[in-house]
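Participant: Quick one: the structure is below, questions incoming.
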Amino acid sequence: MDAALRILDANLNRAREGLRTAEEYARLGLGDAALSGRCKSLRGLLKELIGQDAALAARLLAARDVQHDVGLATDGAGAARLDLADVARAGIKRAQEALRVIEECAKAVAPGAARLAAKARYEAYALEQQLFAVGPARKLLRESPVMVVFTRSQCRNWQQTLAALHEAGARLFQLREKDASAREFAAYAREFIARAADSVVLINDRADIAGAVGAAGVHLGQTDLSVSDARRLQGPAGLVGVSTHNVTEAKAAAEAGADYIGLGAMFPTASKKIESTTTPQQVREVLATATLPVFCIGGVGPANLAGLRELGVRQVAAGSSIVGADSPGAAWQAMAKGLQP
């Protein structure tokens with residue numbers, strides 16, 4: 001029994017340490033508060049795992065015998081790490097392995113803890129996917145000042161327009177094709193993604209197409225699929241954005257698990273029919289409460305950026321004012337620069 005307690009104690013420490021490494025990567029490496037919070041919550045589950053039984057916690061501590069641990073000399077010795085992401089990846093793997101050991105050994109001394117360990121292990125698997133499959137895309141999403149809403153009919157030549165934007169530095173795109181058939185849209189999206197190297201490409205409305213072509217995610221309107229249904233179609237690694245018009249809808253999108261928010265329409269636009277525009281006060285309210293990236297959209301162009309910047313806007317989504325410009329690359333750069341404080 002003492003050996004089982006020592007194994008539990010050692011692996012609880014290992015799991016917490018591994019998760020803390022992943023948490024620091026999410027917080028300081030990716031700058032992602034949501035992912036950092038998920039790591040912290042998982043560490044909290046480990047505290048709950050043993051903390052619910054004060055007597056067991058005391059027995060674990062009493063059974064600890066660092067002096068006679070024959071594995072101390074080689075534990076982790078000689079392991080090379082390529083970068084901070086590699087450090088975090090090793091940490092989350094270490095936590096997963098430790099949780100499996102905890103799950104099995106706890107069956108002998110604390111069956112309730114075994115069930116919690118199994119839950120924590122599966123959450124650690126999902127967290128790994130979020131950190132390393134989604135994390136870099138979410139980082140680019142947060143850091144990109146301008147999301148290009150790309151509609152082929154607004155371009156002189158869409159391949160040339162994309163090339164010019166990519167050369168100018170654009171790396172965040174949303175493909176919007178309201179009139180294309182599903183098959184045509186999918187073929188076009190695949191070609192676009194192949195041409196838009198190292199970019200995040202989102203699909204407007206069509207979660208099925210986003211999943212089929214391997215896009216980074218989908219952008220949903222208020223009457224489209226729910227966030228959870230969209231994730232089922234494209235997998236948990238996909239990004240999901242939601243169009244909102246006010247603080248109530250923005251909060252609902254965040255609570256549903258959206259990765260970013262589209263807010264608007266800011267101004268009248270010929271790209272789509274709008275019933276009302278979002279007021280400056282509504283913009284301030286959303287920005288004051290949002291924990292997700294907020295892209296203001298709808299009639300946004302170089303001429304009205306100054307007013308948005310004064311409201312605190314730092315990210316926008318724009319379509320025709322960029323892809324329909326004489327020089328799309330220059331238009332994108334002007335808007336990106338115009339959003340700087």
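Ordering of the structure tokens sets the chain letters (A, B, ...); residue numbers start at 1 within each chain; ligands are numbered from 1 in the order shown.
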Using DSSP on the backbone, list every residue of segment 98-250 of chain A that comes out as strand (DSSP E), and give them as number ranges by chain.

Facilitator: A: 146-150, 172-175, 200-204, 217-220, 239-244

Participant: Of the residues A:Val149, A:Asp224, A:His166, A:Thr291, which is the one nearest to Gly324 of chain A, using only C-alpha atoms?

Facilitator: A:Val149

Participant: Compile the contact shell of Val300 of chain A as a PyMOL selection string: residues with an atom at most 7 Å away, counting only C-alpha atoms, same-chain residues fewer than 2 positions apart removed.

Facilitator: chain A and resi 266-267+297-298+304+318

Participant: When distances are computed from only C-alpha atoms, which of A:Ser243, A:Gln315, A:Ser36, A:Ser321 shows the smallest separation from Glu24 of chain A?

Facilitator: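 Using only C-alpha atoms, the shortest distance to Glu24 of chain A belongs to A:Ser36.
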
Participant: Would you mind listing what lies within 10 Å of segment 109-114 of chain A as a PyMOL selection string, with only C-alpha atoms counted and same-chain residues fewer than 2 positions away left out?

Facilitator: chain A and resi 1+4-5+8+46+48-53+56+99-107+116-120

Participant: Restricting the output to C-alpha atoms, write the selected residues as a PDB file, in the first residue's frame.

Facilitator:
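Result file result-v7.pdb:
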```pdb
ATOM      1  CA  MET A   1       0.000   0.000   0.000  1.00  0.00           C
ATOM      2  CA  ALA A   4       0.804   2.601  -4.284  1.00  0.00           C
ATOM      3  CA  LEU A   5       0.641   5.812  -2.275  1.00  0.00           C
ATOM      4  CA  LEU A   8       0.118   8.324  -6.624  1.00  0.00           C
ATOM      5  CA  LEU A  46      -6.110  17.514  -9.811  1.00  0.00           C
ATOM      6  CA  GLU A  48     -10.052  18.169  -6.321  1.00  0.00           C
ATOM      7  CA  LEU A  49      -8.921  14.635  -7.092  1.00  0.00           C
ATOM      8  CA  ILE A  50      -7.116  14.262  -3.774  1.00  0.00           C
ATOM      9  CA  GLY A  51      -8.325  17.303  -1.859  1.00  0.00           C
ATOM     10  CA  GLN A  52     -11.771  15.772  -1.370  1.00  0.00           C
ATOM     11  CA  ASP A  53     -10.183  13.205   0.962  1.00  0.00           C
ATOM     12  CA  LEU A  56      -5.726  10.376   1.804  1.00  0.00           C
ATOM     13  CA  LEU A  99      -2.865  10.744 -15.110  1.00  0.00           C
ATOM     14  CA  ARG A 100      -3.097   7.234 -16.513  1.00  0.00           C
ATOM     15  CA  VAL A 101      -0.869   5.942 -13.727  1.00  0.00           C
ATOM     16  CA  ILE A 102      -2.962   7.820 -11.156  1.00  0.00           C
ATOM     17  CA  GLU A 103      -6.148   6.378 -12.612  1.00  0.00           C
ATOM     18  CA  GLU A 104      -4.924   2.800 -12.303  1.00  0.00           C
ATOM     19  CA  CYS A 105      -3.216   3.051  -8.913  1.00  0.00           C
ATOM     20  CA  ALA A 106      -6.063   5.001  -7.343  1.00  0.00           C
ATOM     21  CA  LYS A 107      -8.374   2.061  -7.966  1.00  0.00           C
ATOM     22  CA  LEU A 116     -11.677  11.944 -11.634  1.00  0.00           C
ATOM     23  CA  ALA A 117      -8.250  10.994 -12.997  1.00  0.00           C
ATOM     24  CA  ALA A 118      -9.877   9.414 -16.048  1.00  0.00           C
ATOM     25  CA  LYS A 119     -11.888  12.594 -16.635  1.00  0.00           C
ATOM     26  CA  ALA A 120      -8.745  14.717 -16.261  1.00  0.00           C
TER      27      ALA A 120
END
```

Participant: Excluding Asp208 of chain A and its own-chain neighbours fewer than 6 positions away, which residues fall within 10 Å of it when counting only C-alpha atoms? Please give them as a list in words.

Facilitator: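 Everything that qualifies: Ala182, Ala186, Val218, Ala230, Arg231, Arg232, Leu233 and Gln234 of chain A.
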
Participant: Fewer than 2 positions away in the same chain doesn't count, so skip those; otherwise give me all residues within 12 Å of Glu255 of chain A, counting only C-alpha atoms, as a list in words.

Facilitator: Ala34, Ser226, Val227, Ser228, Val242, Thr248, Glu249, Ala250, Lys251, Ala252, Ala253, Gly257, Ala258, Asp259, Tyr260, Ile261, Ala290, Thr291 and Leu292 of chain A

Participant: So which residues touch Ile92 of chain A within 6 Å, counting only C-alpha atoms, skipping near sequence neighbours fewer than 3 positions away, as an MDAnalysis selection string?

Facilitator: chainID A and resid 18:19 89 95

Participant: Kindly save the residues from that selection, with C-alpha atoms included, as a PDB file, in the first residue's frame.

Facilitator:
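This is the output file part26.pdb:
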```pdb
ATOM      1  CA  GLY A  18       3.461  19.142 -16.722  1.00  0.00           C
ATOM      2  CA  LEU A  19       0.201  21.065 -16.822  1.00  0.00           C
ATOM      3  CA  ARG A  89       4.337  19.497 -25.619  1.00  0.00           C
ATOM      4  CA  ALA A  95       0.762  14.962 -17.515  1.00  0.00           C
TER       5      ALA A  95
END
```

Participant: List every residue of segment 47-270 of chain A that DSSP, applied to the backbone of this structure, places in helix (DSSP H, G or I), and write the result as a PyMOL selection string.

Facilitator: chain A and resi 47-51+54-63+66-68+84-109+111-143+152-154+158-168+182-195+207-213+227-234+247-256

Participant: Point out the residue among A:Ala215, A:Ile203, A:Cys296, A:Val247 with the least atom-to-atom distance to Leu311 of chain A, counting only C-alpha atoms.

Facilitator: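 Of A:Ala215, A:Ile203, A:Cys296, A:Val247, the one nearest Leu311 of chain A, counting only C-alpha atoms, is A:Cys296.
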
Participant: Considering only C-alpha atoms, can you say which of A:Arg152, A:His219, A:Arg171, A:Arg6 comes closest to Phe185 of chain A?

Facilitator: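 Between A:Arg152, A:His219, A:Arg171, A:Arg6, the residue approaching Phe185 of chain A most closely is A:Arg152.
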
Participant: Using only C-alpha atoms, which residue out of A:Gly312, A:Leu165, A:Ala98, A:Glu275 lies closest to Ala331 of chain A?

Facilitator: A:Leu165

Participant: Check the smallest atom-to-atom distance from each of A:Leu61, A:Val283, A:Ala330, A:Ala85 to Leu131 of chain A using only C-alpha atoms, then report the winner.

Facilitator: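 Of all the options, A:Ala85 lies closest to Leu131 of chain A.
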
Participant: Measure the distance from atom CA of Pro236 of chain A to atom CA of Glu184 of chain A in Å and round it to one decimal.

Facilitator: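 Atom CA of Glu184 of chain A lies 25.4 Å from atom CA of Pro236 of chain A.
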